[in-house]
file start.txt (compact mmCIF, C-alpha atoms)
# COMPACT_ATOMS: atom_id res chain seq x y z
CA MET A 1 10.51 -0.06 -6.33
CA ALA A 2 13.64 -1.35 -4.58
CA ARG A 3 14.95 -4.41 -2.76
CA HIS A 4 16.75 -2.49 0.00
CA ALA A 5 15.91 0.71 1.88
CA ILE A 6 19.18 2.34 0.80
CA ASP A 7 18.37 1.64 -2.86
CA LEU A 8 14.95 3.25 -2.43
CA ALA A 9 16.61 6.29 -0.83
CA HIS A 10 18.83 6.72 -3.90
CA LEU A 11 15.81 6.41 -6.19
CA LEU A 12 13.87 9.05 -4.23
CA ALA A 13 16.90 11.35 -4.30
CA ILE A 14 16.71 11.23 -8.10
CA GLN A 15 12.94 11.58 -8.39
CA SER A 16 12.27 14.23 -5.75
CA GLY A 17 13.02 17.91 -5.39
CA SER A 18 11.37 21.28 -5.84
CA ASP A 19 10.25 22.37 -9.30
CA PRO A 20 8.30 25.59 -9.92
CA ARG A 21 6.35 23.83 -12.68
CA ALA A 22 4.89 21.45 -10.04
CA PRO A 23 3.20 23.49 -7.28
CA LEU A 24 2.93 20.50 -4.94
CA SER A 25 6.57 19.42 -5.28
CA VAL A 26 8.47 18.88 -2.03
CA LYS A 27 10.73 21.76 -1.09
CA GLN A 28 13.33 19.75 0.87
CA ALA A 29 16.64 18.95 -0.79
CA PRO A 30 16.61 15.54 -2.52
CA GLN A 31 19.84 14.54 -0.74
CA GLN A 32 17.87 14.30 2.52
CA PHE A 33 17.08 10.68 1.69
CA ILE A 34 20.73 9.70 1.19
CA GLU A 35 21.81 11.55 4.33
CA LEU A 36 19.61 9.23 6.40
CA PHE A 37 22.13 6.50 5.73
CA ASN A 38 25.38 8.30 6.45
CA ALA A 39 27.52 7.22 9.37
CA ASN A 40 26.17 9.85 11.78
CA ASN A 41 22.50 9.00 11.23
CA ARG A 42 22.75 5.23 10.84
CA SER A 43 22.93 4.72 14.61
CA GLU A 44 19.61 6.52 15.01
CA MET A 45 17.74 3.90 12.98
CA SER A 46 16.01 2.30 15.95
CA MET A 47 12.40 1.33 16.65
CA ALA A 48 12.57 2.06 20.37
CA GLY A 49 9.42 4.00 21.21
CA LEU A 50 7.95 3.72 17.70
CA ARG A 51 4.14 3.58 17.81
CA ILE A 52 2.47 1.47 15.12
CA GLY A 53 -1.28 1.68 14.57
CA TRP A 54 -2.53 -1.64 13.19
CA LEU A 55 -5.65 -1.01 11.08
CA GLY A 56 -5.86 -4.63 9.90
CA ASP A 57 -9.00 -5.22 7.85
CA LEU A 58 -10.76 -2.07 9.12
CA ASN A 59 -13.07 -3.87 11.55
CA SER A 60 -13.80 -6.71 9.06
CA TYR A 61 -14.65 -4.25 6.29
CA LEU A 62 -11.87 -5.40 3.95
CA ASN A 63 -12.24 -8.90 2.55
CA THR A 64 -8.99 -10.84 2.97
CA GLU A 65 -7.92 -14.36 2.16
CA PRO A 66 -7.00 -16.75 5.00
CA GLY A 67 -3.51 -16.15 6.34
CA VAL A 68 -3.13 -12.53 5.19
CA LEU A 69 -3.87 -10.92 8.56
CA ALA A 70 -2.04 -13.64 10.50
CA GLY A 71 1.01 -13.15 8.29
CA CYS A 72 0.99 -9.41 8.94
CA LYS A 73 0.89 -10.06 12.67
CA HIS A 74 4.13 -12.04 12.31
CA ALA A 75 5.72 -8.82 11.07
CA LEU A 76 4.15 -6.82 13.90
CA ASN A 77 5.71 -9.25 16.38
CA ARG A 78 9.10 -8.53 14.81
CA PHE A 79 8.52 -4.80 15.15
CA GLU A 80 7.60 -5.29 18.81
CA ALA A 81 10.78 -7.29 19.40
CA LEU A 82 12.72 -4.27 18.12
CA GLY A 83 11.09 -1.91 20.61
CA ALA A 84 7.96 -0.73 18.81
CA SER A 85 4.54 -0.73 20.44
CA ILE A 86 1.41 -1.89 18.61
CA VAL A 87 -1.99 -0.27 19.11
CA GLU A 88 -5.29 -0.69 17.26
CA PRO A 89 -6.78 2.77 16.61
CA HIS A 90 -10.51 3.34 16.43
CA LEU A 91 -11.74 3.51 12.84
CA SER A 92 -12.40 7.23 12.32
CA PHE A 93 -13.70 7.29 8.74
CA ASP A 94 -16.32 5.58 6.60
CA PRO A 95 -14.38 3.22 4.28
CA GLU A 96 -17.33 2.58 1.95
CA ALA A 97 -17.92 6.32 1.44
CA LEU A 98 -14.20 6.73 0.75
CA TRP A 99 -14.28 3.88 -1.78
CA THR A 100 -17.11 5.58 -3.64
CA ALA A 101 -15.16 8.84 -3.67
CA TRP A 102 -11.97 7.12 -4.84
CA ILE A 103 -13.63 5.26 -7.68
CA ARG A 104 -15.34 8.43 -8.93
CA ILE A 105 -12.14 10.45 -8.84
CA ARG A 106 -10.17 7.62 -10.47
CA SER A 107 -12.66 7.15 -13.30
CA ALA A 108 -12.77 10.88 -13.99
CA LEU A 109 -8.97 11.11 -14.18
CA VAL A 110 -8.44 7.92 -16.18
CA SER A 111 -11.13 8.83 -18.69
CA LEU A 112 -9.33 12.03 -19.68
CA GLU A 113 -6.92 9.90 -21.72
CA LEU A 114 -9.23 7.02 -22.54
CA GLU A 115 -12.37 8.86 -23.64
CA PRO A 116 -11.07 9.91 -27.10
CA LEU A 117 -10.19 6.27 -27.78
CA PHE A 118 -13.52 5.10 -26.43
CA ASP A 119 -15.49 7.54 -28.58
CA ASP A 120 -13.88 6.23 -31.76
CA GLU A 121 -15.60 3.00 -32.80
CA VAL A 122 -12.43 1.48 -34.24
CA SER A 123 -10.09 2.20 -31.32
CA ARG A 124 -12.78 1.28 -28.76
CA LEU A 125 -12.47 -2.34 -29.87
CA LYS A 126 -8.81 -2.25 -28.84
CA LEU A 127 -9.58 -1.12 -25.29
CA LYS A 128 -9.79 -3.90 -22.74
CA PRO A 129 -13.10 -4.24 -20.84
CA GLU A 130 -11.68 -2.64 -17.69
CA ALA A 131 -10.68 0.50 -19.61
CA GLN A 132 -14.10 0.71 -21.22
CA TRP A 133 -15.68 0.32 -17.77
CA GLU A 134 -13.75 3.37 -16.50
CA VAL A 135 -14.97 5.59 -19.35
CA GLU A 136 -18.56 4.38 -19.10
CA HIS A 137 -18.51 5.02 -15.36
CA ALA A 138 -17.01 8.50 -15.84
CA LYS A 139 -19.62 9.45 -18.43
CA ARG A 140 -22.38 8.78 -15.89
CA LEU A 141 -20.83 11.03 -13.24
CA SER A 142 -22.28 14.45 -12.54
CA ALA A 143 -20.41 17.55 -11.40
CA SER A 144 -22.25 17.28 -8.09
CA GLN A 145 -20.99 13.72 -7.58
CA LEU A 146 -17.41 14.77 -8.25
CA MET A 147 -17.69 17.69 -5.80
CA GLN A 148 -19.12 15.30 -3.22
CA ALA A 149 -16.19 12.92 -3.81
CA SER A 150 -13.77 15.79 -3.24
CA ALA A 151 -15.54 16.71 0.01
CA VAL A 152 -15.35 13.10 1.24
CA ARG A 153 -11.65 13.02 0.47
CA THR A 154 -11.07 16.21 2.44
CA SER A 155 -12.98 14.83 5.42
CA PHE A 156 -11.01 11.58 5.22
CA TYR A 157 -7.73 13.50 5.07
CA GLN A 158 -8.54 15.28 8.33
CA SER A 159 -9.45 11.98 10.00
CA TRP A 160 -6.30 10.34 8.65
CA LEU A 161 -4.06 13.11 9.99
CA SER A 162 -5.62 12.76 13.44
CA TYR A 163 -4.25 9.21 13.66
CA PHE A 164 -0.73 10.60 13.71
CA ASP A 165 -1.44 12.51 16.91
CA HIS A 166 -1.25 9.12 18.63
CA VAL A 167 0.88 6.87 16.39
CA ASP A 168 3.96 7.30 14.22
CA VAL A 169 2.93 4.97 11.41
CA LEU A 170 -0.16 3.04 10.37
CA ALA A 171 -0.07 -0.57 9.17
CA LEU A 172 -2.34 -2.54 6.82
CA PRO A 173 -1.91 -5.64 4.65
CA SER A 174 -0.05 -4.87 1.41
CA ALA A 175 -2.60 -7.01 -0.43
CA GLN A 176 -5.91 -8.64 0.44
CA VAL A 177 -5.15 -11.83 -1.46
CA HIS A 178 -2.24 -14.17 -2.04
CA PRO A 179 -0.43 -14.18 -5.40
CA TYR A 180 -2.74 -15.67 -8.02
CA ALA A 181 -2.37 -17.35 -11.41
CA LEU A 182 -0.52 -15.39 -14.10
CA ASP A 183 -3.33 -15.87 -16.62
CA GLN A 184 -5.97 -14.50 -14.22
CA ALA A 185 -6.75 -10.86 -15.08
CA TRP A 186 -7.99 -9.89 -11.62
CA VAL A 187 -9.62 -11.33 -8.51
CA GLY A 188 -13.37 -11.71 -8.92
CA SER A 189 -14.17 -12.91 -5.40
CA ILE A 190 -12.57 -13.26 -1.99
CA ASN A 191 -13.78 -16.03 0.31
CA GLY A 192 -16.92 -16.38 -1.77
CA LYS A 193 -17.75 -12.65 -1.76
CA ALA A 194 -17.99 -11.27 -5.29
CA MET A 195 -16.03 -8.11 -6.04
CA ASP A 196 -18.21 -5.42 -7.63
CA SER A 197 -15.43 -3.94 -9.80
CA TYR A 198 -12.15 -5.07 -11.26
CA HIS A 199 -10.17 -3.20 -8.60
CA ARG A 200 -12.24 -3.76 -5.43
CA TRP A 201 -9.97 -6.68 -4.43
CA MET A 202 -7.04 -4.28 -3.86
CA GLU A 203 -8.95 -1.69 -1.85
CA THR A 204 -6.35 -1.80 0.92
CA VAL A 205 -3.96 0.40 -1.08
CA ILE A 206 -6.26 3.39 -1.67
CA TYR A 207 -5.90 4.99 1.78
CA ALA A 208 -2.30 6.17 1.37
CA THR A 209 -3.18 7.44 -2.11
CA MET A 210 -6.22 9.40 -0.99
CA ALA A 211 -4.29 10.96 1.91
CA GLY A 212 -1.14 11.73 -0.07
CA SER A 213 0.81 9.65 2.44
CA PRO A 214 4.06 7.81 1.75
CA ALA A 215 3.68 4.03 2.03
CA LEU A 216 6.28 1.29 2.10
CA SER A 217 5.76 -2.48 2.07
CA VAL A 218 8.05 -5.02 3.72
CA PRO A 219 7.94 -8.84 3.75
CA ALA A 220 5.82 -10.18 6.60
CA ALA A 221 5.63 -13.98 6.28
CA PHE A 222 4.81 -16.82 3.88
CA TRP A 223 1.60 -18.76 3.34
CA ASP A 224 1.59 -22.51 2.79
CA PRO A 225 -1.59 -23.10 0.71
CA VAL A 226 -1.41 -26.87 1.14
CA ARG A 227 -1.30 -26.96 4.93
CA GLU A 228 -2.98 -23.55 5.22
CA VAL A 229 -0.51 -22.21 7.76
CA VAL A 230 1.64 -19.10 8.03
CA LEU A 231 5.41 -19.69 7.90
CA ASN A 232 8.38 -17.59 8.95
CA GLU A 233 10.40 -18.92 6.03
CA PRO A 234 9.53 -20.39 2.61
CA ILE A 235 10.33 -24.03 3.36
CA GLN A 236 7.73 -25.34 0.92
CA ALA A 237 8.01 -24.99 -2.86
CA GLY A 238 4.53 -23.45 -3.09
CA ALA A 239 4.98 -20.93 -0.26
CA LEU A 240 3.44 -17.55 -1.12
CA PRO A 241 4.75 -14.21 0.20
CA ILE A 242 2.69 -11.96 2.47
CA GLY A 243 3.52 -8.26 2.82
CA ILE A 244 2.59 -5.52 5.26
CA GLN A 245 2.43 -1.84 4.30
CA MET A 246 3.57 0.88 6.66
CA VAL A 247 2.04 4.33 6.05
CA ALA A 248 3.30 7.61 7.48
CA ALA A 249 1.93 11.13 7.61
CA PRO A 250 2.45 13.21 4.44
CA HIS A 251 6.10 14.17 3.86
CA ARG A 252 7.39 11.66 6.45
CA ASP A 253 9.12 9.50 3.83
CA GLY A 254 12.33 9.54 5.84
CA LEU A 255 10.62 7.90 8.81
CA LEU A 256 9.56 4.98 6.63
CA LEU A 257 13.05 4.60 5.20
CA ARG A 258 14.56 4.45 8.69
CA LEU A 259 11.92 1.97 9.81
CA ALA A 260 12.47 -0.27 6.77
CA HIS A 261 16.23 -0.20 7.19
CA ALA A 262 16.04 -1.19 10.86
CA TYR A 263 13.58 -3.99 10.05
CA GLU A 264 15.79 -5.18 7.20
CA LYS A 265 18.96 -5.28 9.28
CA ALA A 266 17.30 -7.08 12.17
CA ASN A 267 15.73 -9.74 9.94
CA GLU A 268 18.32 -10.26 7.20
CA ASP A 269 17.92 -14.05 6.98
CA PHE A 270 14.16 -13.75 6.64
CA MET A 271 14.20 -10.71 4.37
CA HIS A 272 16.45 -12.37 1.82
CA ALA A 273 15.05 -15.89 2.01
CA THR A 274 14.52 -17.27 -1.49
CA PRO A 275 11.44 -19.43 -2.10
CA PRO A 276 12.48 -23.01 -3.02
CA ILE A 277 10.94 -22.70 -6.48
CA LEU A 278 13.42 -19.91 -7.31
CA ARG A 279 16.55 -21.50 -5.86
CA ARG A 280 19.28 -22.75 -8.16
CA SER A 281 19.68 -26.51 -8.18
call {"tool": "encode", "arguments": {"input": "start.txt", "output": "structure tokens"}}
result
Amino acid sequence: MARHAIDLAHLLAIQSGSDPRAPLSVKQAPQQFIELFNANNRSEMSMAGLRIGWLGDLNSYLNTEPGVLAGCKHALNRFEALGASIVEPHLSFDPEALWTAWIRIRSALVSLELEPLFDDEVSRLKLKPEAQWEVEHAKRLSASQLMQASAVRTSFYQSWLSYFDHVDVLALPSAQVHPYALDQAWVGSINGKAMDSYHRWMETVIYATMAGSPALSVPAAFWDPVREVVLNEPIQAGALPIGIQMVAAPHRDGLLLRLAHAYEKANEDFMHATPPILRRS
């Protein structure tokens, strides 16, 4: 959404704010995001005492490509150097049950717009297979299954909130795989394990969504696919970026902006390193 934390703050100041037509809209003044960066508050952007809970691959539950977790740990080392402490919280929810709930809720919501197109034989041919899959999946869902999905989400939300009794932010990989070929629709397998849907390969991003938590990704490291090593800078033409997502409790967007700004300022050379393939000759 933005290259710098200050740019993201300006974007949020435009997008946010209370609106009586949206019952869940945030009541705080939109300018709160800009005020984080004024002269008085800028000095407070420190990581001293910040507690980061590293969830990693959820006890080997998430399939990840080689180098993804190692690259994230490079970023965690940078956070530690800035005064943060890293802990590994106990997994307090069932990720497979949450996945089932997420995919049911997603299909039900997506199908509201897609089902009229799917039901028409002419327009159905124009829907890509993934869109047809969503409608077909939604049509098989029962009211009981949707209620169960809602109950699982509520239980997960309570577990998720309990993490923030002990940490300030949670961290996971931004993606489970490295950037892949442009003509590849989606990732069908990770390390030889077949993905059972077209979105299973990006499961790592559903937790912030299901909890209604703000999430922000920052550059972590680079992966050299030839030598199969993690790099602190993109010295090879084929180096691939690795990101780490930081997730805060609901409505703690400001905390993530402060964290990102401090990380950005302390690692400017790394943050703005341009991969060789994109450099001007």
call {"tool": "atom_distance", "arguments": {"input": "start.txt", "atom1": "atom CA of A:Thr100", "atom2": "atom CA of A:Ser217"}}
result
24.9 Å
call {"tool": "residues_near_point", "arguments": {"input": "start.txt", "point": "(1.1, 13.6, 10.5)", "cutoff": "8 Å", "atoms": "all atoms listed in the file", "output": "ChimeraX atom specification"}}
result
/A:161-165,168,248-250,252
call {"tool": "closest_atom_pairs", "arguments": {"input": "start.txt", "of": "stretch 71-162 of chain A", "to": "stretch 200-215 of chain A", "cutoff": "12 Å", "atoms": "all atoms listed in the file", "output": "Markdown table"}}
result
| residue | atom | partner | partner_atom | distance |
| --- | --- | --- | --- | --- |
| A:Phe93 | CA | A:Tyr207 | CA | 10.7 |
| A:Asp94 | CA | A:Tyr207 | CA | 11.5 |
| A:Pro95 | CA | A:Tyr207 | CA | 9.0 |
| A:Glu96 | CA | A:Glu203 | CA | 10.1 |
| A:Leu98 | CA | A:Tyr207 | CA | 8.5 |
| A:Trp99 | CA | A:Glu203 | CA | 7.7 |
| A:Thr100 | CA | A:Arg200 | CA | 10.7 |
| A:Ala101 | CA | A:Met210 | CA | 9.3 |
| A:Trp102 | CA | A:Met210 | CA | 7.3 |
| A:Ile103 | CA | A:Arg200 | CA | 9.4 |
| A:Ile105 | CA | A:Met210 | CA | 9.9 |
| A:Arg106 | CA | A:Met210 | CA | 10.4 |
| A:Ala149 | CA | A:Met210 | CA | 10.9 |
| A:Ser150 | CA | A:Met210 | CA | 10.1 |
| A:Ala151 | CA | A:Met210 | CA | 11.9 |
| A:Val152 | CA | A:Met210 | CA | 10.1 |
| A:Arg153 | CA | A:Met210 | CA | 6.7 |
| A:Thr154 | CA | A:Ala211 | CA | 8.6 |
| A:Ser155 | CA | A:Ala211 | CA | 10.1 |
| A:Phe156 | CA | A:Ala211 | CA | 7.5 |
| A:Tyr157 | CA | A:Ala211 | CA | 5.3 |
| A:Gln158 | CA | A:Ala211 | CA | 8.8 |
| A:Ser159 | CA | A:Ala211 | CA | 9.6 |
| A:Trp160 | CA | A:Ala211 | CA | 7.1 |
| A:Leu161 | CA | A:Ala211 | CA | 8.4 |
| A:Ser162 | CA | A:Ala211 | CA | 11.7 |
call {"tool": "closest_residue", "arguments": {"input": "start.txt", "among": "A:Val230, A:Lys128, A:Ala273, A:Glu65", "to": "A:Tyr180", "atoms": "all atoms listed in the file"}}
result
A:Glu65
call {"tool": "residues_around", "arguments": {"input": "start.txt", "residues": "stretch 13-25 of chain A", "least_positions_apart": "3", "cutoff": "12 Å", "atoms": "only C-alpha atoms", "output": "ChimeraX atom specification"}}
result
/A:6-10,28-36,212,250-251,253-254
call {"tool": "atom_distance", "arguments": {"input": "start.txt", "atom1": "atom CA of A:Ala143", "atom2": "atom CA of A:Ala108"}}
result
10.5 Å
call {"tool": "atom_distance", "arguments": {"input": "start.txt", "atom1": "atom CA of A:Lys193", "atom2": "atom CA of A:Thr64"}}
result
10.1 Å
call {"tool": "axis_aligned_box", "arguments": {"input": "start.txt", "around": "stretch 16-27 of chain A", "padding_each_side": "6 Å", "output": "AutoDock Vina command-line options"}}
result
--center_x 8.0 --center_y 19.9 --center_z -6.9 --size_x 22.1 --size_y 23.4 --size_z 23.6
call {"tool": "residues_near_point", "arguments": {"input": "start.txt", "point": "(1.0, -24.9, 0.1)", "cutoff": "6 Å", "atoms": "all atoms listed in the file", "output": "list in words"}}
result
Asp224, Pro225, Val226, Arg227, Gly238 and Ala239 of chain A
call {"tool": "closest_residue", "arguments": {"input": "start.txt", "among": "A:Ile86, A:Met271, A:Cys72, A:Ala131", "to": "A:His4", "atoms": "only C-alpha atoms"}}
result
A:Met271
call {"tool": "closest_residue", "arguments": {"input": "start.txt", "among": "A:Val218, A:Leu127, A:Leu76, A:Val26", "to": "A:Ala175", "atoms": "only C-alpha atoms"}}
result
A:Val218
call {"tool": "closest_residue", "arguments": {"input": "start.txt", "among": "A:Val229, A:Glu130, A:Met47, A:Leu91", "to": "A:Arg78", "atoms": "all atoms listed in the file"}}
result
A:Met47
call {"tool": "closest_residue", "arguments": {"input": "start.txt", "among": "A:Phe79, A:Trp133, A:Tyr198, A:Trp186", "to": "A:Glu264", "atoms": "only C-alpha atoms"}}
result
A:Phe79
call {"tool": "build_atoms", "arguments": {"input": "start.txt", "residues": "stretch 221-253 of chain A", "atoms": "N, CA and C atoms", "output": "PDB file, keeping the file's coordinate frame"}}
result
ATOM      1  N   ALA A 221       5.591 -12.541   6.019  1.00  0.00           N
ATOM      2  CA  ALA A 221       5.630 -13.980   6.280  1.00  0.00           C
ATOM      3  C   ALA A 221       5.357 -14.703   4.965  1.00  0.00           C
ATOM      4  N   PHE A 222       5.148 -16.014   5.050  1.00  0.00           N
ATOM      5  CA  PHE A 222       4.810 -16.820   3.880  1.00  0.00           C
ATOM      6  C   PHE A 222       3.590 -17.681   4.211  1.00  0.00           C
ATOM      7  N   TRP A 223       2.819 -17.969   3.188  1.00  0.00           N
ATOM      8  CA  TRP A 223       1.600 -18.760   3.340  1.00  0.00           C
ATOM      9  C   TRP A 223       1.778 -20.097   2.635  1.00  0.00           C
ATOM     10  N   ASP A 224       1.544 -21.173   3.372  1.00  0.00           N
ATOM     11  CA  ASP A 224       1.590 -22.510   2.790  1.00  0.00           C
ATOM     12  C   ASP A 224       0.155 -22.886   2.404  1.00  0.00           C
ATOM     13  N   PRO A 225      -0.209 -22.837   1.123  1.00  0.00           N
ATOM     14  CA  PRO A 225      -1.590 -23.100   0.710  1.00  0.00           C
ATOM     15  C   PRO A 225      -2.017 -24.549   0.861  1.00  0.00           C
ATOM     16  N   VAL A 226      -1.067 -25.448   0.989  1.00  0.00           N
ATOM     17  CA  VAL A 226      -1.410 -26.870   1.140  1.00  0.00           C
ATOM     18  C   VAL A 226      -1.831 -27.151   2.578  1.00  0.00           C
ATOM     19  N   ARG A 227      -0.980 -26.740   3.515  1.00  0.00           N
ATOM     20  CA  ARG A 227      -1.300 -26.960   4.930  1.00  0.00           C
ATOM     21  C   ARG A 227      -2.124 -25.828   5.530  1.00  0.00           C
ATOM     22  N   GLU A 228      -2.237 -24.737   4.780  1.00  0.00           N
ATOM     23  CA  GLU A 228      -2.980 -23.550   5.220  1.00  0.00           C
ATOM     24  C   GLU A 228      -2.456 -23.033   6.564  1.00  0.00           C
ATOM     25  N   VAL A 229      -1.156 -22.770   6.567  1.00  0.00           N
ATOM     26  CA  VAL A 229      -0.510 -22.210   7.760  1.00  0.00           C
ATOM     27  C   VAL A 229       0.433 -21.095   7.330  1.00  0.00           C
ATOM     28  N   VAL A 230       0.696 -20.185   8.267  1.00  0.00           N
ATOM     29  CA  VAL A 230       1.640 -19.100   8.030  1.00  0.00           C
ATOM     30  C   VAL A 230       3.028 -19.556   8.464  1.00  0.00           C
ATOM     31  N   LEU A 231       4.038 -19.265   7.638  1.00  0.00           N
ATOM     32  CA  LEU A 231       5.410 -19.690   7.900  1.00  0.00           C
ATOM     33  C   LEU A 231       6.318 -18.475   8.034  1.00  0.00           C
ATOM     34  N   ASN A 232       7.379 -18.644   8.828  1.00  0.00           N
ATOM     35  CA  ASN A 232       8.380 -17.590   8.950  1.00  0.00           C
ATOM     36  C   ASN A 232       9.420 -17.662   7.841  1.00  0.00           C
ATOM     37  N   GLU A 233       9.467 -18.771   7.137  1.00  0.00           N
ATOM     38  CA  GLU A 233      10.400 -18.920   6.030  1.00  0.00           C
ATOM     39  C   GLU A 233       9.766 -19.810   4.970  1.00  0.00           C
ATOM     40  N   PRO A 234      10.161 -19.639   3.708  1.00  0.00           N
ATOM     41  CA  PRO A 234       9.530 -20.390   2.610  1.00  0.00           C
ATOM     42  C   PRO A 234      10.111 -21.798   2.478  1.00  0.00           C
ATOM     43  N   ILE A 235       9.746 -22.697   3.384  1.00  0.00           N
ATOM     44  CA  ILE A 235      10.330 -24.030   3.360  1.00  0.00           C
ATOM     45  C   ILE A 235       9.624 -24.944   2.360  1.00  0.00           C
ATOM     46  N   GLN A 236       8.455 -24.547   1.899  1.00  0.00           N
ATOM     47  CA  GLN A 236       7.730 -25.340   0.920  1.00  0.00           C
ATOM     48  C   GLN A 236       7.820 -24.679  -0.451  1.00  0.00           C
ATOM     49  N   ALA A 237       7.859 -25.503  -1.501  1.00  0.00           N
ATOM     50  CA  ALA A 237       8.010 -24.990  -2.860  1.00  0.00           C
ATOM     51  C   ALA A 237       6.869 -24.038  -3.243  1.00  0.00           C
ATOM     52  N   GLY A 238       5.669 -24.274  -2.721  1.00  0.00           N
ATOM     53  CA  GLY A 238       4.530 -23.450  -3.090  1.00  0.00           C
ATOM     54  C   GLY A 238       4.259 -22.303  -2.139  1.00  0.00           C
ATOM     55  N   ALA A 239       5.200 -21.999  -1.233  1.00  0.00           N
ATOM     56  CA  ALA A 239       4.980 -20.930  -0.260  1.00  0.00           C
ATOM     57  C   ALA A 239       4.793 -19.584  -0.951  1.00  0.00           C
ATOM     58  N   LEU A 240       3.788 -18.828  -0.500  1.00  0.00           N
ATOM     59  CA  LEU A 240       3.440 -17.550  -1.120  1.00  0.00           C
ATOM     60  C   LEU A 240       3.768 -16.395  -0.167  1.00  0.00           C
ATOM     61  N   PRO A 241       4.358 -15.320  -0.666  1.00  0.00           N
ATOM     62  CA  PRO A 241       4.750 -14.210   0.200  1.00  0.00           C
ATOM     63  C   PRO A 241       3.562 -13.369   0.665  1.00  0.00           C
ATOM     64  N   ILE A 242       3.667 -12.876   1.894  1.00  0.00           N
ATOM     65  CA  ILE A 242       2.690 -11.960   2.470  1.00  0.00           C
ATOM     66  C   ILE A 242       3.437 -10.682   2.840  1.00  0.00           C
ATOM     67  N   GLY A 243       2.874  -9.531   2.509  1.00  0.00           N
ATOM     68  CA  GLY A 243       3.520  -8.260   2.820  1.00  0.00           C
ATOM     69  C   GLY A 243       2.670  -7.402   3.734  1.00  0.00           C
ATOM     70  N   ILE A 244       3.305  -6.479   4.414  1.00  0.00           N
ATOM     71  CA  ILE A 244       2.590  -5.520   5.260  1.00  0.00           C
ATOM     72  C   ILE A 244       3.043  -4.121   4.844  1.00  0.00           C
ATOM     73  N   GLN A 245       2.084  -3.219   4.699  1.00  0.00           N
ATOM     74  CA  GLN A 245       2.430  -1.840   4.300  1.00  0.00           C
ATOM     75  C   GLN A 245       2.425  -0.932   5.525  1.00  0.00           C
ATOM     76  N   MET A 246       3.446  -0.107   5.607  1.00  0.00           N
ATOM     77  CA  MET A 246       3.570   0.880   6.660  1.00  0.00           C
ATOM     78  C   MET A 246       3.317   2.247   6.019  1.00  0.00           C
ATOM     79  N   VAL A 247       2.448   3.040   6.618  1.00  0.00           N
ATOM     80  CA  VAL A 247       2.040   4.330   6.050  1.00  0.00           C
ATOM     81  C   VAL A 247       2.321   5.428   7.062  1.00  0.00           C
ATOM     82  N   ALA A 248       2.969   6.485   6.608  1.00  0.00           N
ATOM     83  CA  ALA A 248       3.300   7.610   7.480  1.00  0.00           C
ATOM     84  C   ALA A 248       2.496   8.844   7.104  1.00  0.00           C
ATOM     85  N   ALA A 249       2.587   9.860   7.920  1.00  0.00           N
ATOM     86  CA  ALA A 249       1.930  11.130   7.610  1.00  0.00           C
ATOM     87  C   ALA A 249       2.580  11.743   6.359  1.00  0.00           C
ATOM     88  N   PRO A 250       1.865  12.585   5.636  1.00  0.00           N
ATOM     89  CA  PRO A 250       2.450  13.210   4.440  1.00  0.00           C
ATOM     90  C   PRO A 250       3.806  13.848   4.721  1.00  0.00           C
ATOM     91  N   HIS A 251       4.743  13.627   3.809  1.00  0.00           N
ATOM     92  CA  HIS A 251       6.100  14.170   3.860  1.00  0.00           C
ATOM     93  C   HIS A 251       6.984  13.504   4.911  1.00  0.00           C
ATOM     94  N   ARG A 252       6.539  12.373   5.480  1.00  0.00           N
ATOM     95  CA  ARG A 252       7.390  11.660   6.450  1.00  0.00           C
ATOM     96  C   ARG A 252       8.042  10.442   5.795  1.00  0.00           C
ATOM     97  N   ASP A 253       8.471  10.592   4.558  1.00  0.00           N
ATOM     98  CA  ASP A 253       9.120   9.500   3.830  1.00  0.00           C
ATOM     99  C   ASP A 253      10.360   8.996   4.570  1.00  0.00           C
TER     100      ASP A 253
END
